[in-house]
Amino acid sequence: MIWNEAIETMPLEDLKNLQSERLVKLVRYIYERCPVYKQKLDKAGVSPGDIQGIEDITKLPFTTKLDMRDHYPYGLFSRPQSDLVEIHVSSGTTGNPTLVGYTRDDLKLWGDVMARVLCCAGAKPGDFVQNAYGYGLFTGGLGFHYGALEMGLTIIPASSGQTKRQLKIMQDFKPRILACTPSYCLYMAEEAKELGLDPRQGSWKIGIFGAEPWSEPMRNEIEQAWDMLATDVYGLSEIIGPGVSQECTYKDGLHLFSDVFYPEIIDPDSGVPVPEGSNGELVITTLTKQAIPLLRYRTRDIVSMTSQPCRCGRTSPRTSKIKGRTDDMIIVRGINVFPSQIEHVLLGIEGIHPHYQLVIDRKAHKLDEVEIMVEVDEKIFSDEIKRMSALEQKIRKEIEAILSIGVSVKLVEPKTIQRSEGKAKRVVDKRSI
Amino acid sequence: MKIKQISVFLENRKGRLYEICSLLGEAGINIRALTIAETETFGVLRMVVDKPAQAAELFRKHHVTVNQTDVVAVEVPDTPGGLANVLKILSDQNVNVEYMYGFVKKFSEKALLVFRFDDPARAHQVLMAAGVTVIGEKDITGL
């Protein structure tokens, strides 16, 4: 079933006209309502009149995560705070987090694209959805909630964690659909086995997994463990949250809802579009959002894209799974982590600049673990164990407060952390995903 | 009379203590007293050596995290209650002992202990006033 058939199977020519019409309107809207964007466009020498159609999009300047941070909280908004019905906050690189907001129409849009996601994955009217994405400031939980609500499915707002209860809910209500991070799904399989349950006998037949990168081997592992269809969902809070793109049951790329989120794939260094099928950075323009519409937002995710129609009938372009990042962001249990955040905390603690390294590993029980190794130099070294232990605790607590996930801290000897060409390697990702 | 204690940060891994000790051995520096405090992941080796300044320099050169602290070496009668008597003097005067350990080699009828106090100067005063023998840097070098 296709949720918004008229839009999702629209002939390409009509889709292009719709995108053109929407872009022209959007640029005028932003220019009139957002002083920060007006200045940005003026500086780039572009006036709304220069944008006649979708092909003119390359005349527009990019928007970056830095813009989000520099204009925190409301600088990039095109509507006043009183027009917002909901806000969400995610972690930023340093200092300010990223704030996004929704008008009532934006929430309707979110519900619509998330209903498309659910249908795309194979949901049918009458289905039960166990939503194990976190409810709260993170967009995952409520995004799926609104989609299921829009589609009229029965929602179990389980939120993340409490694995035993998740499994009990599954056994008692037999939901056919599960939404959570892929690593959590594997973790639940382990837990189920420990409780003496056979995951393959479980009720979940369709999984919608996202908020962290995962691979084909991981898909196979999930599908075999649970005897389910495992699909990939993509999104980011700056654009809307989950709901930017989703795999259909053919699992041959993620359908990107380009009537509302216009995609470009560019060379991250030159900013120039790359040929179809080549890898590049995904850039998205939100064509119809009201509260905080963004022009050419640099997602920093590396993907390739094809406009070949899919067997499922949808005409939207399809992207590959995420193949990498243009920055040093890593995703751990659905949470964005930047090494600069760790650095910020360490600098704040001792007023010095110790060498550190993040080691991320997915251990046997399938959940990602973060260990932060900090080199002990003379300024922080004490002969008293209690001071050293207190320092270790303090570093751990402050980092956990910033990242909202549990970490462990390990104090190590100087020169323990590998350095390449004099520069320390900040992240060691041992996860095989 | 305070003496210098050398402390070294150690990760808990095989052979590390040997490496540290052999550095000292090769440089002709003698360990007079030592103790190791440890947690699950790291340890602190504390020691009194005959040439503390040289030892610190040596460790720095080998990228070993080192720190020098003032400690007090005290002669304690090697008889039942000998240590208790010294501790009573300190306790009566509210002098706090952070930690303590013994010397490797006995060189008289008395035991020699190293005390780490939060306030070594005051501890020294209290001990001297009570007639307890405190050992100086020179005595250590000559041991």
# chains A, B, ... in the order shown; residues from 1 in each chain; ligands from 1

$ residues_around --residues "Ala291 in chain A" --least-positions-apart "2" --cutoff "7 Å" --atoms "only C-alpha atoms" --output "ChimeraX atom specification"
/A:77-79,84,101-103,289,293

$ write_last_selection --atoms "N, CA, C and O atoms" --output "PDB file, in the first residue's frame"
ATOM      1  N   PHE A  77      14.617  30.676  12.352  1.00  0.00           N
ATOM      2  CA  PHE A  77      13.173  30.447  12.251  1.00  0.00           C
ATOM      3  C   PHE A  77      12.513  31.495  11.365  1.00  0.00           C
ATOM      4  O   PHE A  77      12.918  32.663  11.355  1.00  0.00           O
ATOM      5  N   SER A  78      11.501  31.080  10.625  1.00  0.00           N
ATOM      6  CA  SER A  78      10.726  32.013   9.804  1.00  0.00           C
ATOM      7  C   SER A  78       9.388  32.336  10.472  1.00  0.00           C
ATOM      8  O   SER A  78       8.568  33.040   9.918  1.00  0.00           O
ATOM      9  N   ARG A  79       9.169  31.766  11.635  1.00  0.00           N
ATOM     10  CA  ARG A  79       7.945  32.040  12.387  1.00  0.00           C
ATOM     11  C   ARG A  79       8.327  32.381  13.819  1.00  0.00           C
ATOM     12  O   ARG A  79       9.325  31.886  14.337  1.00  0.00           O
ATOM     13  N   LEU A  84       4.749  28.203  17.222  1.00  0.00           N
ATOM     14  CA  LEU A  84       5.237  26.824  17.341  1.00  0.00           C
ATOM     15  C   LEU A  84       4.323  26.013  18.248  1.00  0.00           C
ATOM     16  O   LEU A  84       3.849  26.512  19.261  1.00  0.00           O
ATOM     17  N   GLY A 101      11.773  23.485  15.505  1.00  0.00           N
ATOM     18  CA  GLY A 101      10.404  23.718  15.957  1.00  0.00           C
ATOM     19  C   GLY A 101       9.409  23.403  14.861  1.00  0.00           C
ATOM     20  O   GLY A 101       9.774  23.297  13.683  1.00  0.00           O
ATOM     21  N   TYR A 102       8.179  23.201  15.249  1.00  0.00           N
ATOM     22  CA  TYR A 102       7.129  22.798  14.314  1.00  0.00           C
ATOM     23  C   TYR A 102       5.891  23.670  14.510  1.00  0.00           C
ATOM     24  O   TYR A 102       5.492  23.909  15.653  1.00  0.00           O
ATOM     25  N   THR A 103       5.313  24.105  13.388  1.00  0.00           N
ATOM     26  CA  THR A 103       3.977  24.713  13.469  1.00  0.00           C
ATOM     27  C   THR A 103       2.991  23.550  13.412  1.00  0.00           C
ATOM     28  O   THR A 103       3.374  22.400  13.178  1.00  0.00           O
ATOM     29  N   LYS A 289       8.159  23.334   4.648  1.00  0.00           N
ATOM     30  CA  LYS A 289       8.094  23.553   6.086  1.00  0.00           C
ATOM     31  C   LYS A 289       7.868  25.030   6.391  1.00  0.00           C
ATOM     32  O   LYS A 289       8.257  25.908   5.631  1.00  0.00           O
ATOM     33  N   PRO A 293      12.140  26.400   7.928  1.00  0.00           N
ATOM     34  CA  PRO A 293      12.509  25.830   6.636  1.00  0.00           C
ATOM     35  C   PRO A 293      13.988  26.085   6.377  1.00  0.00           C
ATOM     36  O   PRO A 293      14.519  27.135   6.779  1.00  0.00           O
TER      37      PRO A 293
END

$ residues_around --residues "Arg426 in chain A" --least-positions-apart "4" --cutoff "7 Å" --atoms "only C-alpha atoms" --output "PyMOL selection string"
chain A and resi 339+356-358

$ write_last_selection --atoms "N, CA, C and O atoms" --output "PDB file, in the first residue's frame"
ATOM      1  N   PRO A 339      33.563  14.278  18.803  1.00  0.00           N
ATOM      2  CA  PRO A 339      34.738  14.293  19.668  1.00  0.00           C
ATOM      3  C   PRO A 339      34.963  15.666  20.312  1.00  0.00           C
ATOM      4  O   PRO A 339      35.430  15.754  21.443  1.00  0.00           O
ATOM      5  N   TYR A 356      43.150  12.514  24.551  1.00  0.00           N
ATOM      6  CA  TYR A 356      42.055  11.599  24.812  1.00  0.00           C
ATOM      7  C   TYR A 356      41.721  10.842  23.543  1.00  0.00           C
ATOM      8  O   TYR A 356      42.111  11.233  22.445  1.00  0.00           O
ATOM      9  N   GLN A 357      40.985   9.771  23.716  1.00  0.00           N
ATOM     10  CA  GLN A 357      40.525   8.987  22.581  1.00  0.00           C
ATOM     11  C   GLN A 357      39.218   8.299  22.941  1.00  0.00           C
ATOM     12  O   GLN A 357      39.061   7.815  24.054  1.00  0.00           O
ATOM     13  N   LEU A 358      38.308   8.287  21.981  1.00  0.00           N
ATOM     14  CA  LEU A 358      37.038   7.580  22.181  1.00  0.00           C
ATOM     15  C   LEU A 358      37.143   6.227  21.520  1.00  0.00           C
ATOM     16  O   LEU A 358      37.520   6.152  20.353  1.00  0.00           O
TER      17      LEU A 358
END

$ closest_residue --among "B:Val97, B:Ala33, B:Leu10, B:Ala130" --to "chain A" --atoms "only C-alpha atoms"
B:Leu10

$ interface_residues --of "chain B" --to "chain A" --cutoff "9 Å" --atoms "only C-alpha atoms" --output "number ranges by chain"
B: 6-11, 37-39, 41-46, 63-69, 98-99

$ write_last_selection --atoms "N, CA and C atoms" --output "short mmCIF file (atom, residue, chain, number, x, y, z; two decimals), in the first residue's frame"
data_model
loop_
_atom_site.label_atom_id
_atom_site.label_comp_id
_atom_site.auth_asym_id
_atom_site.auth_seq_id
_atom_site.Cartn_x
_atom_site.Cartn_y
_atom_site.Cartn_z
N ILE B 6 58.64 9.69 45.31
CA ILE B 6 58.39 9.70 43.87
C ILE B 6 57.16 8.83 43.62
N SER B 7 56.16 9.39 42.93
CA SER B 7 54.99 8.58 42.56
C SER B 7 54.93 8.45 41.05
N VAL B 8 54.50 7.30 40.61
CA VAL B 8 54.44 7.03 39.17
C VAL B 8 53.06 6.47 38.84
N PHE B 9 52.48 6.98 37.75
CA PHE B 9 51.18 6.47 37.29
C PHE B 9 51.40 5.23 36.45
N LEU B 10 50.67 4.18 36.80
CA LEU B 10 50.82 2.91 36.08
C LEU B 10 49.48 2.39 35.59
N GLU B 11 49.44 1.98 34.34
CA GLU B 11 48.25 1.26 33.90
C GLU B 11 48.43 -0.17 34.36
N ALA B 37 49.38 1.35 45.16
CA ALA B 37 47.94 1.45 45.41
C ALA B 37 47.27 1.23 44.06
N GLU B 38 46.16 0.53 44.07
CA GLU B 38 45.59 0.22 42.76
C GLU B 38 44.07 0.28 42.76
N THR B 39 43.54 0.52 41.55
CA THR B 39 42.11 0.39 41.32
C THR B 39 41.99 -0.68 40.24
N THR B 41 41.61 -0.34 37.12
CA THR B 41 42.24 -0.04 35.83
C THR B 41 43.62 0.60 35.91
N PHE B 42 43.94 1.21 37.03
CA PHE B 42 45.26 1.83 37.11
C PHE B 42 45.84 1.69 38.50
N GLY B 43 47.11 2.00 38.64
CA GLY B 43 47.75 1.94 39.93
C GLY B 43 48.68 3.13 40.10
N VAL B 44 49.06 3.39 41.36
CA VAL B 44 50.05 4.42 41.62
C VAL B 44 51.17 3.76 42.41
N LEU B 45 52.38 3.81 41.84
CA LEU B 45 53.55 3.28 42.52
C LEU B 45 54.20 4.44 43.27
N ARG B 46 54.36 4.27 44.58
CA ARG B 46 54.99 5.34 45.36
C ARG B 46 56.27 4.77 45.95
N HIS B 63 58.73 9.50 29.33
CA HIS B 63 57.28 9.75 29.24
C HIS B 63 56.48 8.97 30.27
N VAL B 64 57.04 8.85 31.44
CA VAL B 64 56.31 8.22 32.54
C VAL B 64 55.78 9.37 33.40
N THR B 65 54.49 9.34 33.73
CA THR B 65 53.92 10.42 34.53
C THR B 65 54.40 10.28 35.97
N VAL B 66 55.06 11.33 36.45
CA VAL B 66 55.70 11.25 37.75
C VAL B 66 55.31 12.47 38.57
N ASN B 67 55.37 12.30 39.89
CA ASN B 67 55.06 13.43 40.75
C ASN B 67 55.88 13.26 42.04
N GLN B 68 56.32 14.39 42.59
CA GLN B 68 57.13 14.34 43.81
C GLN B 68 56.31 14.92 44.95
N THR B 69 56.30 14.20 46.07
CA THR B 69 55.51 14.66 47.21
C THR B 69 56.39 14.62 48.46
N GLU B 98 47.39 10.09 55.36
CA GLU B 98 46.77 9.71 54.08
C GLU B 98 47.04 8.22 53.80
N TYR B 99 48.33 7.86 53.95
CA TYR B 99 48.69 6.45 53.82
C TYR B 99 50.10 6.28 54.36
#

$ atom_distance --atom1 "CA of Pro309 in chain A" --atom2 "CA of Ile177 in chain A"
26.4 Å

$ residues_around --residues "Glu8 in chain A" --least-positions-apart "3" --cutoff "10 Å" --atoms "only C-alpha atoms" --output "compact mmCIF listing (two decimals) with all heavy atoms, in the first residue's frame"
# COMPACT_ATOMS: atom_id res chain seq x y z
N ILE A 2 0.47 2.25 -0.82
CA ILE A 2 1.21 3.52 -0.87
C ILE A 2 0.35 4.59 -0.20
O ILE A 2 -0.82 4.76 -0.56
CB ILE A 2 1.56 3.89 -2.33
CG1 ILE A 2 2.54 2.85 -2.90
CG2 ILE A 2 2.14 5.30 -2.41
CD1 ILE A 2 2.86 3.01 -4.37
N TRP A 3 0.90 5.24 0.81
CA TRP A 3 0.09 6.14 1.62
C TRP A 3 -0.44 7.34 0.83
O TRP A 3 -1.62 7.59 0.80
CB TRP A 3 0.90 6.64 2.83
CG TRP A 3 0.14 7.63 3.65
CD1 TRP A 3 0.37 8.96 3.78
CD2 TRP A 3 -1.04 7.37 4.42
NE1 TRP A 3 -0.55 9.54 4.60
CE2 TRP A 3 -1.44 8.57 5.01
CE3 TRP A 3 -1.79 6.21 4.67
CZ2 TRP A 3 -2.55 8.68 5.84
CZ3 TRP A 3 -2.92 6.31 5.50
CH2 TRP A 3 -3.28 7.53 6.07
N ASN A 4 0.46 8.07 0.17
CA ASN A 4 0.06 9.28 -0.56
C ASN A 4 0.30 9.00 -2.03
O ASN A 4 1.27 9.48 -2.63
CB ASN A 4 0.90 10.46 -0.06
CG ASN A 4 0.35 11.80 -0.48
OD1 ASN A 4 -0.33 11.89 -1.51
ND2 ASN A 4 0.63 12.83 0.29
N GLU A 5 -0.59 8.18 -2.62
CA GLU A 5 -0.35 7.63 -3.94
C GLU A 5 -0.16 8.72 -5.00
O GLU A 5 0.73 8.63 -5.84
CB GLU A 5 -1.47 6.67 -4.33
CG GLU A 5 -1.02 5.74 -5.43
CD GLU A 5 -1.77 4.42 -5.50
OE1 GLU A 5 -2.61 4.15 -4.63
OE2 GLU A 5 -1.50 3.68 -6.45
N PRO A 11 4.22 11.30 -11.95
CA PRO A 11 5.19 11.28 -13.05
C PRO A 11 6.29 12.31 -12.79
O PRO A 11 6.02 13.39 -12.23
CB PRO A 11 4.36 11.67 -14.27
CG PRO A 11 2.95 11.33 -13.90
CD PRO A 11 2.85 11.51 -12.42
N LEU A 15 6.30 16.03 -10.94
CA LEU A 15 7.00 16.18 -9.66
C LEU A 15 7.95 17.38 -9.73
O LEU A 15 8.02 18.19 -8.82
CB LEU A 15 7.79 14.89 -9.37
CG LEU A 15 8.51 14.80 -8.03
CD1 LEU A 15 7.54 14.92 -6.85
CD2 LEU A 15 9.29 13.49 -7.92
N ARG A 116 3.82 7.68 5.28
CA ARG A 116 4.43 7.14 4.06
C ARG A 116 5.51 6.12 4.42
O ARG A 116 5.63 5.06 3.79
CB ARG A 116 5.10 8.26 3.25
CG ARG A 116 4.17 9.32 2.70
CD ARG A 116 4.97 10.20 1.74
NE ARG A 116 4.38 11.53 1.58
CZ ARG A 116 4.93 12.48 0.82
NH1 ARG A 116 6.06 12.24 0.16
NH2 ARG A 116 4.36 13.65 0.71
N HIS A 255 13.55 5.44 -0.38
CA HIS A 255 12.74 6.41 -1.14
C HIS A 255 12.75 7.73 -0.41
O HIS A 255 12.30 7.82 0.74
CB HIS A 255 11.30 5.89 -1.24
CG HIS A 255 11.17 4.72 -2.15
ND1 HIS A 255 11.01 4.87 -3.51
CD2 HIS A 255 11.20 3.40 -1.92
CE1 HIS A 255 10.94 3.67 -4.08
NE2 HIS A 255 11.06 2.75 -3.13
N LEU A 256 13.25 8.76 -1.09
CA LEU A 256 13.35 10.07 -0.45
C LEU A 256 12.16 10.91 -0.90
O LEU A 256 11.92 11.05 -2.10
CB LEU A 256 14.69 10.72 -0.82
CG LEU A 256 15.16 11.83 0.11
CD1 LEU A 256 16.67 11.90 0.13
CD2 LEU A 256 14.56 13.16 -0.25
N PHE A 257 11.43 11.45 0.04
CA PHE A 257 10.18 12.14 -0.29
C PHE A 257 10.48 13.53 -0.84
O PHE A 257 10.38 14.54 -0.16
CB PHE A 257 9.27 12.16 0.94
CG PHE A 257 9.06 10.79 1.53
CD1 PHE A 257 9.30 10.54 2.88
CD2 PHE A 257 8.67 9.72 0.72
CE1 PHE A 257 9.13 9.26 3.41
CE2 PHE A 257 8.50 8.44 1.24
CZ PHE A 257 8.73 8.21 2.59
N SER A 258 10.87 13.53 -2.14
CA SER A 258 11.47 14.72 -2.75
C SER A 258 10.45 15.81 -3.06
O SER A 258 10.83 16.90 -3.45
CB SER A 258 12.24 14.33 -4.00
OG SER A 258 11.33 13.84 -4.97
N ASP A 259 9.15 15.52 -2.96
CA ASP A 259 8.16 16.59 -3.16
C ASP A 259 8.21 17.59 -2.01
O ASP A 259 7.81 18.74 -2.18
CB ASP A 259 6.75 15.99 -3.28
CG ASP A 259 6.37 15.20 -2.02
OD1 ASP A 259 7.11 14.25 -1.67
OD2 ASP A 259 5.36 15.55 -1.38
N GLY A 313 6.65 1.08 -7.59
CA GLY A 313 5.76 2.07 -8.21
C GLY A 313 6.03 3.50 -7.77
O GLY A 313 5.54 4.45 -8.39
N ARG A 314 6.78 3.66 -6.71
CA ARG A 314 7.10 5.02 -6.26
C ARG A 314 8.10 5.65 -7.23
O ARG A 314 9.02 4.97 -7.71
CB ARG A 314 7.68 5.00 -4.84
CG ARG A 314 6.65 4.62 -3.78
CD ARG A 314 7.28 4.52 -2.39
NE ARG A 314 6.29 4.13 -1.39
CZ ARG A 314 5.90 2.87 -1.18
NH1 ARG A 314 6.44 1.88 -1.88
NH2 ARG A 314 4.98 2.60 -0.27
N THR A 315 7.92 6.93 -7.50
CA THR A 315 8.79 7.61 -8.46
C THR A 315 9.86 8.46 -7.79
O THR A 315 10.70 9.05 -8.46
CB THR A 315 7.94 8.52 -9.38
OG1 THR A 315 7.10 9.33 -8.56
CG2 THR A 315 7.10 7.71 -10.33
N SER A 316 9.81 8.54 -6.47
CA SER A 316 10.79 9.37 -5.76
C SER A 316 12.20 8.82 -5.95
O SER A 316 12.37 7.62 -6.15
CB SER A 316 10.44 9.39 -4.28
OG SER A 316 10.26 8.07 -3.82

$ select_by_dssp --residues "range 26-116 of chain B" --states "strand (DSSP E or B)" --output "PyMOL selection string"
chain B and resi 31-38+42-49+66-77+97-103+110-116

$ select_by_dssp --residues "chain B" --states "helix (DSSP H, G or I)" --output "short mmCIF file (atom, residue, chain, number, x, y, z; two decimals) with N, CA, C and O atoms, in the first residue's frame"
data_model
loop_
_atom_site.label_atom_id
_atom_site.label_comp_id
_atom_site.auth_asym_id
_atom_site.auth_seq_id
_atom_site.Cartn_x
_atom_site.Cartn_y
_atom_site.Cartn_z
N ARG B 16 54.58 -3.86 33.33
CA ARG B 16 54.80 -2.43 33.47
C ARG B 16 55.66 -2.10 34.69
O ARG B 16 56.54 -1.23 34.63
N LEU B 17 55.41 -2.79 35.80
CA LEU B 17 56.17 -2.52 37.02
C LEU B 17 57.64 -2.89 36.79
O LEU B 17 58.55 -2.16 37.20
N TYR B 18 57.83 -3.98 36.09
CA TYR B 18 59.19 -4.39 35.77
C TYR B 18 59.91 -3.31 34.97
O TYR B 18 61.06 -2.96 35.26
N GLU B 19 59.22 -2.77 33.97
CA GLU B 19 59.84 -1.74 33.12
C GLU B 19 60.29 -0.53 33.94
O GLU B 19 61.39 -0.01 33.77
N ILE B 20 59.41 -0.12 34.86
CA ILE B 20 59.70 1.06 35.69
C ILE B 20 60.92 0.77 36.59
O ILE B 20 61.86 1.56 36.68
N CYS B 21 60.90 -0.39 37.22
CA CYS B 21 61.98 -0.74 38.15
C CYS B 21 63.30 -0.91 37.41
O CYS B 21 64.36 -0.53 37.92
N SER B 22 63.22 -1.48 36.19
CA SER B 22 64.49 -1.69 35.49
C SER B 22 65.07 -0.37 35.00
O SER B 22 66.29 -0.22 34.89
N LEU B 23 64.19 0.63 34.74
CA LEU B 23 64.70 1.97 34.39
C LEU B 23 65.58 2.48 35.53
O LEU B 23 66.69 2.99 35.32
N LEU B 24 65.07 2.34 36.75
CA LEU B 24 65.81 2.81 37.93
C LEU B 24 67.10 2.02 38.10
O LEU B 24 68.16 2.59 38.36
N GLY B 25 66.99 0.71 37.94
CA GLY B 25 68.15 -0.16 38.12
C GLY B 25 69.28 0.21 37.16
O GLY B 25 70.43 0.35 37.57
N GLU B 26 68.89 0.40 35.87
CA GLU B 26 69.91 0.73 34.87
C GLU B 26 70.59 2.06 35.18
O GLU B 26 71.74 2.27 34.83
N PRO B 52 66.12 11.08 44.41
CA PRO B 52 64.78 11.41 43.91
C PRO B 52 64.77 12.34 42.68
O PRO B 52 64.00 12.12 41.75
N ALA B 53 65.62 13.36 42.70
CA ALA B 53 65.60 14.32 41.59
C ALA B 53 66.00 13.63 40.29
O ALA B 53 65.37 13.82 39.24
N GLN B 54 67.01 12.80 40.38
CA GLN B 54 67.47 12.06 39.20
C GLN B 54 66.39 11.10 38.71
O GLN B 54 66.18 10.96 37.51
N ALA B 55 65.71 10.46 39.66
CA ALA B 55 64.66 9.51 39.29
C ALA B 55 63.53 10.23 38.55
O ALA B 55 63.06 9.76 37.51
N ALA B 56 63.13 11.39 39.05
CA ALA B 56 62.04 12.15 38.42
C ALA B 56 62.44 12.53 36.99
O ALA B 56 61.65 12.39 36.05
N GLU B 57 63.66 12.98 36.86
CA GLU B 57 64.17 13.39 35.55
C GLU B 57 64.15 12.20 34.57
O GLU B 57 63.72 12.32 33.43
N LEU B 58 64.60 11.07 35.07
CA LEU B 58 64.66 9.85 34.27
C LEU B 58 63.27 9.46 33.77
O LEU B 58 63.06 9.14 32.60
N PHE B 59 62.30 9.51 34.67
CA PHE B 59 60.93 9.13 34.30
C PHE B 59 60.36 10.08 33.25
O PHE B 59 59.73 9.66 32.29
N ARG B 60 60.59 11.36 33.46
CA ARG B 60 60.08 12.34 32.50
C ARG B 60 60.64 12.05 31.11
O ARG B 60 59.93 12.13 30.12
N LYS B 61 61.93 11.75 31.09
CA LYS B 61 62.57 11.47 29.81
C LYS B 61 61.92 10.29 29.11
O LYS B 61 61.85 10.23 27.89
N GLY B 82 54.50 -0.53 69.06
CA GLY B 82 55.41 0.54 68.62
C GLY B 82 54.72 1.51 67.67
O GLY B 82 54.76 2.73 67.86
N LEU B 83 54.06 0.96 66.67
CA LEU B 83 53.38 1.81 65.68
C LEU B 83 52.17 2.50 66.31
O LEU B 83 51.92 3.68 66.08
N ALA B 84 51.46 1.75 67.15
CA ALA B 84 50.27 2.32 67.79
C ALA B 84 50.62 3.57 68.59
O ALA B 84 49.88 4.56 68.55
N ASN B 85 51.76 3.53 69.28
CA ASN B 85 52.18 4.70 70.06
C ASN B 85 52.37 5.93 69.19
O ASN B 85 51.94 7.03 69.53
N VAL B 86 53.01 5.73 68.04
CA VAL B 86 53.25 6.87 67.13
C VAL B 86 51.92 7.38 66.58
O VAL B 86 51.68 8.59 66.52
N LEU B 87 51.06 6.45 66.22
CA LEU B 87 49.76 6.84 65.66
C LEU B 87 48.91 7.60 66.69
O LEU B 87 48.16 8.50 66.35
N LYS B 88 49.07 7.22 67.96
CA LYS B 88 48.31 7.90 69.02
C LYS B 88 48.72 9.37 69.12
O LYS B 88 47.89 10.25 69.24
N ILE B 89 50.03 9.58 69.04
CA ILE B 89 50.54 10.96 69.10
C ILE B 89 49.89 11.79 67.99
O ILE B 89 49.42 12.90 68.21
N LEU B 90 49.86 11.21 66.79
CA LEU B 90 49.31 11.93 65.63
C LEU B 90 47.81 12.14 65.80
O LEU B 90 47.29 13.23 65.57
N SER B 91 47.15 11.09 66.24
CA SER B 91 45.70 11.15 66.39
C SER B 91 45.30 12.18 67.45
O SER B 91 44.37 12.96 67.25
N ASP B 92 46.05 12.20 68.57
CA ASP B 92 45.74 13.16 69.63
C ASP B 92 45.85 14.59 69.13
O ASP B 92 45.15 15.48 69.60
N PRO B 120 52.34 17.85 55.95
CA PRO B 120 53.58 17.24 56.45
C PRO B 120 54.34 18.13 57.43
O PRO B 120 54.95 17.62 58.38
N ALA B 121 54.29 19.44 57.23
CA ALA B 121 55.06 20.34 58.11
C ALA B 121 54.55 20.22 59.55
O ALA B 121 55.33 20.07 60.49
N ARG B 122 53.26 20.24 59.70
CA ARG B 122 52.67 20.17 61.03
C ARG B 122 52.92 18.79 61.65
O ARG B 122 53.25 18.67 62.84
N ALA B 123 52.80 17.75 60.85
CA ALA B 123 53.03 16.39 61.34
C ALA B 123 54.45 16.27 61.88
O ALA B 123 54.68 15.69 62.95
N HIS B 124 55.38 16.86 61.15
CA HIS B 124 56.77 16.84 61.55
C HIS B 124 56.96 17.48 62.93
O HIS B 124 57.60 16.91 63.81
N GLN B 125 56.36 18.64 63.09
CA GLN B 125 56.42 19.38 64.37
C GLN B 125 55.90 18.52 65.52
O GLN B 125 56.55 18.39 66.56
N VAL B 126 54.73 17.94 65.27
CA VAL B 126 54.08 17.14 66.31
C VAL B 126 54.97 15.96 66.72
O VAL B 126 55.15 15.68 67.91
N LEU B 127 55.55 15.29 65.72
CA LEU B 127 56.38 14.12 66.00
C LEU B 127 57.64 14.51 66.75
O LEU B 127 58.05 13.85 67.71
N MET B 128 58.28 15.60 66.31
CA MET B 128 59.50 16.06 66.97
C MET B 128 59.21 16.40 68.43
O MET B 128 59.96 16.03 69.33
N ALA B 129 58.09 17.11 68.63
CA ALA B 129 57.72 17.54 69.98
C ALA B 129 57.51 16.34 70.90
O ALA B 129 57.79 16.39 72.10
N GLU B 137 66.62 13.38 54.59
CA GLU B 137 67.04 13.01 53.24
C GLU B 137 68.45 12.40 53.25
O GLU B 137 68.71 11.40 52.61
N LYS B 138 69.33 13.05 54.01
CA LYS B 138 70.73 12.59 54.05
C LYS B 138 70.85 11.17 54.60
O LYS B 138 71.61 10.35 54.09
N ASP B 139 70.03 10.91 55.62
CA ASP B 139 70.06 9.57 56.22
C ASP B 139 69.64 8.51 55.22
O ASP B 139 70.13 7.40 55.22
N ILE B 140 68.71 8.89 54.39
CA ILE B 140 68.20 7.96 53.40
C ILE B 140 69.28 7.64 52.37
O ILE B 140 69.54 6.49 52.03
N THR B 141 69.91 8.70 51.88
CA THR B 141 70.94 8.54 50.86
C THR B 141 72.05 7.63 51.36
O THR B 141 72.58 6.82 50.62
#

$ atom_distance --atom1 "CA of Leu76 in chain A" --atom2 "CA of Leu26 in chain A"
13.9 Å

$ atom_distance --atom1 "CA of Thr319 in chain A" --atom2 "CA of Leu99 in chain A"
26.3 Å

$ closest_atom_pairs --of "range 58-146 of chain A" --to "range 218-240 of chain A" --cutoff "7 Å" --atoms "only C-alpha atoms" --output "Markdown table"
| residue | atom | partner | partner_atom | distance |
| --- | --- | --- | --- | --- |
| A:Val100 | CA | A:Glu238 | CA | 6.3 |
| A:Trp110 | CA | A:Ile240 | CA | 6.7 |
| A:Ala121 | CA | A:Thr231 | CA | 6.4 |
| A:Thr139 | CA | A:Ser237 | CA | 6.3 |

$ write_last_selection --atoms "all heavy atoms" --output "short mmCIF file (atom, residue, chain, number, x, y, z; two decimals), in the first residue's frame"
data_model
loop_
_atom_site.label_atom_id
_atom_site.label_comp_id
_atom_site.auth_asym_id
_atom_site.auth_seq_id
_atom_site.Cartn_x
_atom_site.Cartn_y
_atom_site.Cartn_z
N VAL A 100 14.99 22.69 16.92
CA VAL A 100 14.07 22.75 15.79
C VAL A 100 12.66 22.91 16.33
O VAL A 100 12.38 22.57 17.48
CB VAL A 100 14.15 21.50 14.88
CG1 VAL A 100 15.50 21.41 14.21
CG2 VAL A 100 13.85 20.23 15.66
N TRP A 110 4.81 16.13 9.12
CA TRP A 110 5.60 15.06 9.75
C TRP A 110 4.77 13.78 9.81
O TRP A 110 5.23 12.69 9.47
CB TRP A 110 6.04 15.50 11.15
CG TRP A 110 7.22 14.75 11.70
CD1 TRP A 110 8.01 13.84 11.05
CD2 TRP A 110 7.74 14.87 13.03
NE1 TRP A 110 9.00 13.38 11.89
CE2 TRP A 110 8.86 13.99 13.11
CE3 TRP A 110 7.39 15.62 14.16
CZ2 TRP A 110 9.61 13.85 14.28
CZ3 TRP A 110 8.15 15.48 15.31
CH2 TRP A 110 9.25 14.60 15.37
N ALA A 121 7.27 0.53 4.45
CA ALA A 121 7.87 -0.64 5.09
C ALA A 121 6.93 -1.84 5.07
O ALA A 121 7.33 -2.95 5.40
CB ALA A 121 8.26 -0.30 6.53
N THR A 139 13.78 13.21 18.30
CA THR A 139 12.64 13.22 17.38
C THR A 139 12.10 11.82 17.06
O THR A 139 10.99 11.70 16.55
CB THR A 139 13.02 13.90 16.05
OG1 THR A 139 14.23 13.32 15.57
CG2 THR A 139 13.19 15.40 16.22
#
